[in-house]
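Novice: Just model-v1.cif, nothing more (mmCIF, C-alpha atoms):
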```
data_upload
loop_
_atom_site.label_atom_id
_atom_site.label_comp_id
_atom_site.auth_asym_id
_atom_site.auth_seq_id
_atom_site.Cartn_x
_atom_site.Cartn_y
_atom_site.Cartn_z
CA MET A 202 -32.78 87.43 100.14
CA ARG A 203 -30.51 86.98 103.14
CA GLU A 204 -28.65 90.01 104.30
CA PRO A 205 -24.88 89.78 104.29
CA GLU A 206 -23.23 89.18 107.62
CA ASP A 207 -21.54 92.00 109.44
CA PRO A 208 -17.88 92.40 108.61
CA GLU A 209 -15.39 90.92 111.02
CA LEU A 210 -13.57 94.24 111.37
CA ASP A 211 -14.52 96.37 114.33
CA PRO A 212 -16.54 99.45 113.13
CA GLU A 213 -14.72 101.59 115.64
CA MET A 214 -11.46 100.78 113.92
CA ILE A 215 -12.88 101.67 110.52
CA ALA A 216 -14.53 104.91 111.71
CA PRO A 217 -11.39 107.09 111.35
CA TYR A 218 -11.09 106.02 107.70
CA GLU A 219 -14.73 106.38 106.58
CA ASP A 220 -13.98 109.43 104.50
CA GLN A 221 -11.47 107.37 102.49
CA ILE A 222 -13.77 104.37 101.88
CA THR A 223 -16.26 104.45 99.05
CA THR A 224 -19.38 102.37 99.60
CA ARG A 225 -21.82 101.24 96.92
CA ASP A 226 -24.29 98.43 96.28
CA VAL A 227 -23.11 96.04 93.53
CA THR A 228 -26.15 93.76 93.52
CA PRO A 229 -27.83 93.81 90.08
CA ASP A 230 -31.46 94.92 89.94
CA ASP A 231 -32.58 91.62 88.32
CA PHE A 232 -30.53 89.42 90.64
CA GLY A 233 -33.08 86.89 91.95
CA ARG A 234 -33.03 83.76 94.07
CA ILE A 235 -32.19 81.37 91.21
CA ALA A 236 -29.28 83.48 90.07
CA ALA A 237 -27.94 83.66 93.62
CA GLN A 238 -28.21 79.85 93.99
CA THR A 239 -26.40 79.34 90.72
CA ALA A 240 -23.62 81.67 91.75
CA LYS A 241 -23.25 79.80 95.04
CA GLN A 242 -22.98 76.44 93.30
CA VAL A 243 -20.38 77.72 90.85
CA ILE A 244 -18.29 79.18 93.63
CA LEU A 245 -18.47 75.96 95.70
CA GLN A 246 -17.60 73.87 92.64
CA ARG A 247 -14.52 75.98 91.96
CA ILE A 248 -13.51 75.65 95.61
CA ARG A 249 -13.82 71.84 95.44
CA GLU A 250 -11.78 71.70 92.26
CA ALA A 251 -9.09 73.81 93.88
CA GLU A 252 -9.04 71.49 96.91
CA ARG A 253 -8.75 68.41 94.67
CA GLN A 254 -5.91 69.97 92.73
CA MET A 255 -4.11 70.87 95.94
CA MET A 256 -4.60 67.30 97.22
CA TYR A 257 -3.28 65.84 93.96
CA ASP A 258 -0.24 68.11 94.01
CA GLU A 259 0.42 67.09 97.60
CA TYR A 260 0.32 63.31 97.09
CA GLN A 261 1.60 62.84 93.53
CA ASP A 262 5.20 63.23 94.72
CA ARG A 263 4.72 60.93 97.71
CA VAL A 264 4.57 57.62 95.81
CA GLY A 265 6.55 55.02 97.77
CA GLU A 266 6.15 56.90 101.04
CA LEU A 267 4.91 55.28 104.23
CA ILE A 268 1.59 56.64 105.50
CA THR A 269 -0.62 55.89 108.50
CA GLY A 270 -4.39 55.71 108.19
CA ILE A 271 -7.56 54.54 109.90
CA ILE A 272 -9.82 51.87 108.41
CA GLN A 273 -13.20 53.41 107.50
CA GLN A 274 -14.85 50.69 105.46
CA SER A 275 -13.94 47.18 104.37
CA ASP A 276 -15.61 44.69 102.06
CA LYS A 277 -14.69 41.95 99.60
CA ARG A 278 -13.56 44.36 96.88
CA TYR A 279 -11.53 47.01 98.67
CA THR A 280 -10.87 48.81 101.93
CA LEU A 281 -11.10 52.55 102.47
CA VAL A 282 -8.38 54.12 104.60
CA GLN A 283 -8.74 57.67 105.90
CA LEU A 284 -5.40 59.48 105.75
CA ARG A 285 -6.64 62.77 107.17
CA GLU A 286 -9.80 64.82 107.12
CA ARG A 287 -11.54 64.56 103.74
CA VAL A 288 -8.65 62.52 102.28
CA GLU A 289 -9.21 58.79 101.73
CA ALA A 290 -7.04 56.11 100.11
CA LEU A 291 -8.03 52.85 98.47
CA LEU A 292 -6.53 49.52 99.59
CA PRO A 293 -7.52 47.04 96.83
CA LYS A 294 -7.89 43.32 97.42
CA SER A 295 -4.80 42.66 95.28
CA GLU A 296 -2.68 44.78 97.65
CA GLN A 297 -3.92 43.16 100.86
CA VAL A 298 -2.19 40.36 102.76
CA TYR A 299 -4.24 37.18 102.84
CA ASN A 300 -4.09 36.56 106.62
CA GLU A 301 -4.74 40.14 107.78
CA ARG A 302 -8.08 41.48 109.02
CA TYR A 303 -9.04 45.11 108.52
CA ASP A 304 -11.56 46.08 111.17
CA HIS A 305 -13.28 49.45 111.34
CA GLY A 306 -11.28 52.04 113.28
CA MET A 307 -8.03 50.04 113.18
CA ARG A 308 -4.87 52.02 112.50
CA ILE A 309 -2.53 50.59 109.83
CA LYS A 310 0.59 51.58 107.94
CA ALA A 311 0.82 51.25 104.17
CA VAL A 312 2.83 52.49 101.20
CA ILE A 313 1.44 54.76 98.50
CA THR A 314 1.79 52.99 95.17
CA ASP A 315 -0.23 55.18 92.78
CA VAL A 316 -1.85 58.62 92.66
CA SER A 317 -4.07 59.42 89.67
CA ASP A 318 -6.34 62.34 88.87
CA SER A 319 -10.00 61.70 88.02
CA THR A 320 -13.26 63.61 87.74
CA LYS A 321 -14.15 62.68 91.31
CA GLY A 322 -10.80 63.78 92.67
CA PRO A 323 -7.38 62.17 93.06
CA ALA A 324 -7.43 58.40 93.54
CA ILE A 325 -4.76 57.34 96.07
CA VAL A 326 -3.90 53.62 96.05
CA VAL A 327 -1.96 52.12 98.96
CA SER A 328 -0.43 48.68 99.43
CA ARG A 329 0.43 46.28 102.25
CA ARG A 330 2.22 43.80 99.96
CA SER A 331 4.89 46.04 98.49
CA PRO A 332 8.56 45.36 99.41
CA GLU A 333 8.89 49.11 99.96
CA LEU A 334 6.75 48.69 103.08
CA ILE A 335 9.52 46.71 104.78
CA LYS A 336 12.14 49.28 103.76
CA SER A 337 10.04 52.13 105.13
CA LEU A 338 9.29 50.31 108.39
CA PHE A 339 12.98 49.61 109.02
CA GLU A 340 13.84 53.20 108.18
CA LEU A 341 11.27 54.27 110.75
CA GLU A 342 12.62 51.94 113.46
CA VAL A 343 16.40 51.99 112.74
CA PRO A 344 18.12 55.38 113.06
CA GLU A 345 21.21 54.09 111.22
CA ILE A 346 19.11 53.49 108.10
CA ALA A 347 17.46 56.91 108.37
CA ASP A 348 20.93 58.51 108.67
CA LYS A 349 22.23 56.54 105.64
CA LEU A 350 24.86 54.73 107.72
CA VAL A 351 23.21 51.38 106.88
CA GLU A 352 21.46 50.69 103.58
CA ILE A 353 18.93 48.05 102.57
CA VAL A 354 20.19 46.95 99.16
CA GLY A 355 17.59 44.29 98.43
CA VAL A 356 14.25 42.93 99.58
CA ALA A 357 12.60 39.63 98.66
CA ARG A 358 9.16 39.11 100.11
CA GLU A 359 6.30 36.66 100.14
CA PRO A 360 3.65 38.67 102.02
CA GLY A 361 2.32 37.00 105.12
CA TYR A 362 4.95 34.25 105.17
CA ARG A 363 8.61 35.31 105.08
CA SER A 364 10.86 38.10 103.86
CA LYS A 365 14.61 38.41 103.33
CA ILE A 366 16.46 41.72 103.30
CA ALA A 367 20.11 42.37 102.45
CA VAL A 368 21.82 45.16 104.38
CA VAL A 369 25.24 46.78 104.05
CA SER A 370 27.10 49.26 106.24
CA HIS A 371 28.78 52.36 104.79
CA THR A 372 30.59 53.20 108.03
CA ASP A 373 33.34 51.27 109.79
CA GLY A 374 32.35 49.92 113.16
CA VAL A 375 28.64 49.70 112.41
CA ASP A 376 27.23 46.18 112.21
CA PRO A 377 24.35 46.31 109.68
CA VAL A 378 22.63 43.16 110.95
CA GLY A 379 22.95 44.16 114.61
CA ALA A 380 21.64 47.65 113.88
CA CYS A 381 18.51 46.23 112.25
CA VAL A 382 17.92 43.63 114.96
CA GLY A 383 18.36 46.10 117.81
CA PRO A 384 18.92 45.43 121.52
CA ARG A 385 17.43 42.01 122.25
CA GLY A 386 15.63 42.12 118.94
CA SER A 387 13.51 45.15 119.85
CA ARG A 388 13.72 46.88 116.45
CA VAL A 389 12.99 43.92 114.25
CA ARG A 390 10.26 42.85 116.67
CA MET A 391 8.40 46.13 116.04
CA VAL A 392 8.55 45.55 112.29
CA VAL A 393 7.33 41.96 112.65
CA SER A 394 4.48 43.17 114.86
CA GLU A 395 3.37 45.71 112.24
CA LEU A 396 3.50 42.97 109.57
CA ARG A 397 1.27 40.72 111.73
CA GLY A 398 3.93 38.10 112.51
CA GLU A 399 5.64 37.83 109.13
CA LYS A 400 9.11 36.28 109.55
CA ILE A 401 12.10 38.39 108.47
CA ASP A 402 15.64 37.16 107.69
CA ILE A 403 18.32 39.88 107.77
CA ILE A 404 21.25 38.99 105.49
CA PRO A 405 24.62 40.82 105.34
CA TYR A 406 25.28 41.87 101.75
CA ASN A 407 28.50 40.63 100.14
CA GLU A 408 29.87 41.61 96.74
CA GLU A 409 31.19 38.08 96.27
CA PRO A 410 28.31 36.06 94.76
CA ALA A 411 29.24 32.76 96.42
CA ARG A 412 29.23 34.19 99.94
CA PHE A 413 26.08 36.23 99.28
CA VAL A 414 24.18 33.18 98.01
CA ALA A 415 25.36 31.10 100.98
CA LYS A 416 24.17 33.74 103.46
CA ALA A 417 20.88 34.21 101.60
CA LEU A 418 19.98 30.56 102.21
CA SER A 419 20.10 30.97 105.99
CA PRO A 420 19.09 29.45 108.37
CA ALA A 421 20.46 26.46 106.42
CA ARG A 422 24.19 25.69 106.63
CA VAL A 423 25.99 25.64 103.27
CA ARG A 424 29.05 23.50 102.56
CA GLU A 425 30.12 24.74 99.12
CA VAL A 426 28.89 27.19 96.45
CA ILE A 427 29.90 26.80 92.80
CA VAL A 428 29.11 29.86 90.69
CA ASP A 429 28.79 30.25 86.92
CA ASP A 430 29.26 33.94 86.10
CA GLU A 431 28.15 33.62 82.48
CA GLN A 432 24.86 31.90 83.26
CA ARG A 433 24.48 33.70 86.62
CA GLN A 434 23.78 30.33 88.19
CA ALA A 435 24.93 29.09 91.59
CA THR A 436 25.09 25.41 92.55
CA VAL A 437 24.87 25.10 96.32
CA ILE A 438 26.04 21.94 98.10
CA VAL A 439 24.57 21.43 101.56
CA PRO A 440 24.83 18.57 104.07
CA ASP A 441 22.23 15.85 103.61
CA ASP A 442 20.41 16.82 106.80
CA GLN A 443 20.20 20.47 105.69
CA LEU A 444 18.67 19.90 102.24
CA SER A 445 15.01 20.29 103.25
CA LEU A 446 15.83 23.37 105.37
CA ALA A 447 17.71 25.02 102.50
CA ILE A 448 14.84 24.44 100.06
CA GLY A 449 12.14 25.47 102.53
CA ARG A 450 8.43 24.78 102.52
CA ASP A 451 7.28 24.49 98.90
CA GLY A 452 10.68 25.87 97.84
CA GLN A 453 10.09 29.15 99.65
CA ASN A 454 13.59 29.62 101.10
CA ALA A 455 15.32 28.89 97.79
CA ARG A 456 12.88 31.10 95.90
CA LEU A 457 13.45 34.08 98.21
CA ALA A 458 17.22 33.59 98.04
CA ALA A 459 17.11 33.62 94.24
CA ARG A 460 15.05 36.82 94.20
CA LEU A 461 17.31 38.52 96.73
CA THR A 462 20.59 37.67 94.99
CA GLY A 463 19.41 37.78 91.38
CA TRP A 464 21.08 34.40 90.74
CA ARG A 465 19.53 31.11 89.73
CA VAL A 466 20.07 28.81 92.71
CA ASP A 467 20.35 25.02 92.35
CA ILE A 468 20.53 23.22 95.70
CA LYS A 469 22.00 19.72 95.96
CA SER A 470 22.92 17.45 98.84
CA GLU A 471 26.47 16.17 99.21
CA THR A 472 25.40 12.64 98.28
CA GLU A 473 23.57 13.80 95.15
CA PHE A 474 26.44 16.04 94.06
CA ALA A 475 28.99 13.26 94.57
CA SER A 476 26.95 10.81 92.47
CA GLU A 477 26.45 13.26 89.60
CA GLU A 478 29.98 14.64 89.28
CA PRO A 479 32.53 12.46 87.43
CA GLU A 480 35.60 11.29 89.26
CA LEU A 481 38.51 13.67 88.86
CA GLU A 482 42.19 12.90 88.83
CA ILE A 483 44.01 12.78 92.14
CA GLU A 484 45.60 16.05 93.05
CA GLY A 485 49.15 16.46 91.77
CA GLU A 486 48.51 14.22 88.74
CA GLU A 487 46.62 16.80 86.67
CA ASN A 488 48.14 19.74 84.84
CA PHE A 489 46.92 23.27 85.38
CA ASP A 490 44.24 23.98 82.75
CA GLY A 491 42.91 27.33 83.92
CA ARG A 492 40.52 25.84 86.47
CA CYS A 493 40.85 26.13 90.21
CA MET A 494 43.10 23.37 91.59
CA ALA A 495 41.29 23.10 94.93
CA VAL A 496 39.94 19.66 95.81
CA LEU A 497 36.64 19.89 97.68
CA SER A 498 35.70 17.91 100.76
CA ASN A 499 33.84 15.35 98.61
CA GLY A 500 36.96 14.61 96.55
CA ARG A 501 35.89 16.65 93.53
CA ARG A 502 37.89 19.45 91.96
CA CYS A 503 36.50 22.99 92.10
CA PRO A 504 34.91 23.87 88.72
CA ASN A 505 35.49 27.64 89.06
CA ALA A 506 37.99 29.43 86.86
CA ALA A 507 41.28 30.42 88.46
CA ILE A 508 42.01 34.12 88.83
CA PRO A 509 44.99 35.62 86.97
CA SER A 510 48.44 34.89 88.42
CA SER A 511 47.02 32.12 90.60
CA THR A 512 46.03 28.47 90.32
CA TYR A 513 42.96 28.96 92.54
CA CYS A 514 39.66 30.83 92.22
CA GLY A 515 38.70 33.94 94.21
CA LEU A 516 37.24 32.10 97.23
CA PRO A 517 39.31 32.87 100.35
CA GLN A 518 39.32 29.18 101.34
CA HIS A 519 40.82 28.23 97.99
CA GLN A 520 43.30 31.13 97.92
CA ALA A 521 44.54 30.02 101.34
CA LEU A 522 45.53 26.64 99.87
CA SER A 523 48.44 28.33 98.09
CA ARG A 524 50.21 28.28 101.48
CA PHE A 525 50.12 24.45 101.67
CA GLU A 526 51.64 21.60 99.72
CA THR A 527 48.24 19.96 99.31
CA SER A 528 45.21 21.28 97.44
CA GLN A 529 42.59 19.63 99.64
CA VAL A 530 40.15 22.01 101.30
CA ALA A 531 39.92 19.60 104.26
CA ILE A 532 43.27 20.85 105.53
CA LEU A 533 41.59 24.15 106.50
CA ALA A 534 39.08 22.47 108.84
CA PRO A 535 40.80 23.41 112.14
CA LEU A 536 41.17 27.08 111.15
CA SER A 537 38.70 29.89 111.78
CA GLU A 538 37.41 32.27 109.10
CA ALA A 539 39.72 35.01 110.38
CA GLU A 540 42.76 32.72 110.06
CA ILE A 541 41.68 31.64 106.57
CA ALA A 542 41.39 35.31 105.59
CA ILE A 543 44.96 35.88 106.84
CA LEU A 544 46.25 32.97 104.75
CA ALA A 545 44.40 34.26 101.69
CA ASP A 546 45.98 37.71 102.05
CA PRO A 547 49.36 37.77 100.23
CA GLU A 548 50.51 40.70 102.41
CA ALA A 549 49.68 39.05 105.75
CA ASP A 550 52.14 38.79 108.61
CA GLU A 551 54.49 35.85 108.01
CA GLY A 552 54.50 34.92 111.69
CA GLN A 553 50.74 34.47 111.80
CA VAL A 554 50.83 32.64 108.47
CA GLU A 555 53.50 30.16 109.60
CA GLU A 556 51.68 29.44 112.85
CA ALA A 557 48.34 28.77 111.09
CA VAL A 558 49.99 26.63 108.39
CA ALA A 559 51.88 24.53 110.94
CA ARG A 560 48.79 23.93 113.08
CA ALA A 561 46.59 23.03 110.10
CA SER A 562 49.23 20.72 108.56
CA ALA A 563 49.80 18.90 111.85
CA ALA A 564 46.07 18.39 112.39
CA PHE A 565 45.66 17.20 108.78
CA VAL A 566 48.45 14.59 109.13
CA GLU A 567 47.17 13.38 112.49
CA GLY A 568 43.65 13.09 111.09
CA ALA A 569 44.89 11.02 108.14
CA GLU A 570 46.89 8.69 110.44
CA GLU A 571 43.96 8.29 112.82
CA GLN A 572 41.64 7.49 109.95
CA ALA A 573 44.04 4.84 108.58
CA ALA A 574 44.41 3.34 112.06
CA GLU A 575 40.65 3.26 112.53
CA GLU A 576 40.16 1.56 109.17
CA SER A 577 42.75 -1.15 110.03
CA VAL A 578 41.13 -1.75 113.40
CA VAL A 579 37.73 -2.07 111.78
CA ASP A 580 39.06 -4.57 109.24
CA GLU A 581 40.58 -6.70 112.02
CA ILE A 582 37.35 -6.64 114.00
CA VAL A 583 35.36 -7.69 110.94
CA ASP A 584 37.73 -10.59 110.18
CA GLU A 585 37.60 -11.81 113.78
CA ALA A 586 33.81 -11.62 113.81
CA ILE A 587 33.56 -13.67 110.61
CA ALA A 588 35.93 -16.32 111.99
CA GLU A 589 33.97 -16.54 115.24
CA GLU A 590 30.69 -16.94 113.40
CA GLU A 591 32.07 -19.78 111.28
CA ALA A 592 33.45 -21.52 114.40
CA GLU A 593 30.15 -21.14 116.25
CA GLU A 594 28.20 -22.57 113.32
CA ALA A 595 30.50 -25.59 113.17
CA ALA A 596 30.24 -26.18 116.94
CA GLU A 597 26.44 -25.83 116.99
CA ASP A 598 25.81 -28.30 114.12
CA PRO A 599 28.17 -31.35 114.58
CA VAL A 600 25.78 -33.66 112.71
CA GLU A 601 25.81 -31.45 109.66
CA ALA A 602 29.61 -31.31 109.84
CA GLU A 603 29.85 -35.16 109.91
CA LEU A 604 27.38 -35.47 107.05
CA ALA A 605 29.39 -32.97 105.07
CA GLU A 606 32.57 -34.95 105.70
CA GLU A 607 30.90 -38.24 104.69
CA ALA A 608 29.52 -36.63 101.56
CA ALA A 609 33.02 -35.37 100.72
CA ASP A 610 34.52 -38.86 101.27
CA GLU A 611 31.87 -40.52 99.07
CA ALA A 612 32.46 -37.98 96.36
CA ALA A 613 36.20 -38.65 96.51
CA THR A 614 35.63 -42.48 96.34
CA GLU A 615 33.32 -42.12 93.33
CA GLU A 616 35.84 -39.96 91.56
CA GLY A 617 38.59 -42.56 92.24
CA ALA A 618 36.42 -45.44 90.91
CA ALA A 619 35.55 -43.44 87.82
CA THR A 620 39.22 -42.77 87.23
CA GLU A 621 40.15 -46.50 87.49
CA ALA A 622 37.36 -47.46 85.05
CA GLU A 623 38.58 -44.94 82.55
CA VAL A 624 42.16 -46.28 82.85
CA GLU A 625 41.03 -49.91 82.27
CA GLU A 626 38.94 -48.89 79.26
CA ALA A 627 41.89 -47.02 77.78
CA GLU A 628 44.17 -50.07 78.22
CA ALA A 629 41.61 -52.38 76.57
CA GLN A 630 41.36 -50.10 73.56
CA ALA A 631 45.14 -50.05 73.29
CA ASP A 632 45.34 -53.92 73.34
CA GLY A 633 42.66 -54.18 70.66
CA ALA A 634 44.54 -51.83 68.42
CA GLU A 635 47.78 -53.86 68.77
CA ALA A 636 45.96 -57.11 67.91
CA GLY A 637 44.38 -55.64 64.78
CA GLU A 638 47.65 -54.47 63.23
CA PRO A 639 49.03 -57.98 62.19
CA VAL A 640 45.70 -58.98 60.67
CA ALA A 641 45.77 -55.87 58.48
CA GLU A 642 49.36 -56.67 57.38
CA GLU A 643 48.46 -60.27 56.35
CA ALA A 644 45.51 -58.99 54.31
CA GLU A 645 47.76 -56.63 52.41
CA GLN A 646 50.31 -59.40 51.63
CA ARG A 647 47.60 -61.65 50.17
#
```
Spell out the structure here as structure tokens.

Specialist:
Amino acid sequence: MREPEDPELDPEMIAPYEDQITTRDVTPDDFGRIAAQTAKQVILQRIREAERQMMYDEYQDRVGELITGIIQQSDKRYTLVQLRERVEALLPKSEQVYNERYDHGMRIKAVITDVSDSTKGPAIVVSRRSPELIKSLFELEVPEIADKLVEIVGVAREPGYRSKIAVVSHTDGVDPVGACVGPRGSRVRMVVSELRGEKIDIIPYNEEPARFVAKALSPARVREVIVDDEQRQATVIVPDDQLSLAIGRDGQNARLAARLTGWRVDIKSETEFASEEPELEIEGEENFDGRCMAVLSNGRRCPNAAIPSSTYCGLPQHQALSRFETSQVAILAPLSEAEIAILADPEADEGQVEEAVARASAAFVEGAEEQAAEESVVDEIVDEAIAEEEAEEAAEDPVEAELAEEAADEAATEEGAATEAEVEEAEAQADGAEAGEPVAEEAEQR
């Protein structure tokens, strides 16, 4: 049996207290090698169980937290990630990104998604596909998010392809999109690098559904958004050349926008929307029926419901129309978004309002006059071109012209001869009828 090791305490330090220390041998008389081995195994087992319990208590409250680990082993089923000494996490195939490689010794970041206790110790599952990974990475790179000045209110992600995040600022003077992008894109570039090149769209959050949906479809430009609050459906009208960009590859852009906003998004081109919608009455001829009176750029009336005490819906562009005599949205074309916001504000400065209204009205009238003048010029050009073509055809084919004239003369002569024959036949019939009348009278007298 091995002798116990010397105590760590210095004997010289213990010497003054020897009279106060009682020493005795506690080893049983029948304590053999097997019993000692059993005791050792029991003690080690209890120590392992205590370590596992401590590990479970440490990680069970860290679900959703970003961790950094080193790849230890990777195969077709799963990947083992070492978090620290004697602590390993499992990265299943279902939580891996399809285009990422996990080589031995590579350092990666992941999010803890589940911690469960088992007989072999706590099972820690991490993920590289979770939307929480993007939130945690931005919180790590953007101090404004860590300090709660900027908040990520929504994340829509297709791992390995593209992600969209909606951000909002809780402090005046802090641009949420600029804070996440960073100087020359340095902050977002670090996140993209960690995600192995996954594209990220940063969208400013807006409480107004129409504006939020329009921003969520970036980089496509949106012309109009018609929302249905009851069905939570948004119909988005985009220019014809922006339709494919708004939908995205295999519908990816529209799908991510719908997930981010929580609205069902239906994207239509201007041509398609104009062909589907029925013609509406010209502005000024219809009575107010509770719907917004704004006439869109395609000549259709806005289908949104008007807000109380107004004949227009809540869109700033449509509220600004209350300052004009017309209800056409096209009159706002020369104005900026800031000027439209001023017109939509009932408490805005009257001087600024009058200036914007005068400029927009003048541009609208000039545009209408120019369009009418252009249409008249085009009509004149078309008429002249048709006349020239007819003259050229007549000059190039004189033989055909003569033949046509001869054919017309012959047709006129034949018609005249036919008319004379008909007249002679009618006269002959009349003479025969007069000659037959006296014969009939004589027969009756006899």

Novice: If you apply the PyMOL selection byres ((chain A and resi 355) around 7) to this file, what residues do you get, as a list in words?

Specialist: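 Output from the PyMOL selection byres ((chain A and resi 355) around 7), applied to this file: Ile353, Val354, Val356, Ala357, Ile366, Ala367 and Leu461 of chain A.
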
Novice: List as number ranges by chain the protein and nucleic acid residues near range 412-414 of chain A, meaning an atom at most 9 Å away when all atoms listed in the file are counted, but skip any in the same chain fewer than 3 places from it.

Specialist: A: 404-409, 417-418, 426, 435, 437, 458-459, 461-462, 464, 466, 516

Novice: On this structure, which residues satisfy the PyMOL selection byres ((chain A and resi 332) around 12), written as a PyMOL selection string?

Specialist: chain A and resi 265-267+296+311-314+328-331+333-339+353-361+363-366+396+401+460-461

Novice: Which residue, A:Thr228, A:Glu345, A:Asp546, A:Ala506, has the smallest gap to Ser523 in chain A when you use only C-alpha atoms?

Specialist: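 The closest residue to Ser523 in chain A is A:Asp546.
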
Novice: Have a look at A:Gln443, A:Gly374, A:Ser528, A:Tyr303 and name the one nearest to Ala421 in chain A; count only C-alpha atoms.

Specialist: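 The shortest atom-to-atom distance to Ala421 in chain A comes from A:Gln443.
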
Novice: Which residues come within 10 Å of range 537-539 of chain A, counting all atoms listed in the file, excluding same-chain residues fewer than 4 positions away, as a PyMOL selection string?

Specialist: chain A and resi 517-518+533+543-545+557

Novice: Could those selected residues go to a file with C-alpha atoms, as a PDB file, keeping the file's coordinate frame?

Specialist:
```pdb
ATOM      1  CA  PRO A 517      39.310  32.870 100.350  1.00  0.00           C
ATOM      2  CA  GLN A 518      39.320  29.180 101.340  1.00  0.00           C
ATOM      3  CA  LEU A 533      41.590  24.150 106.500  1.00  0.00           C
ATOM      4  CA  ILE A 543      44.960  35.880 106.840  1.00  0.00           C
ATOM      5  CA  LEU A 544      46.250  32.970 104.750  1.00  0.00           C
ATOM      6  CA  ALA A 545      44.400  34.260 101.690  1.00  0.00           C
ATOM      7  CA  ALA A 557      48.340  28.770 111.090  1.00  0.00           C
TER       8      ALA A 557
END
```
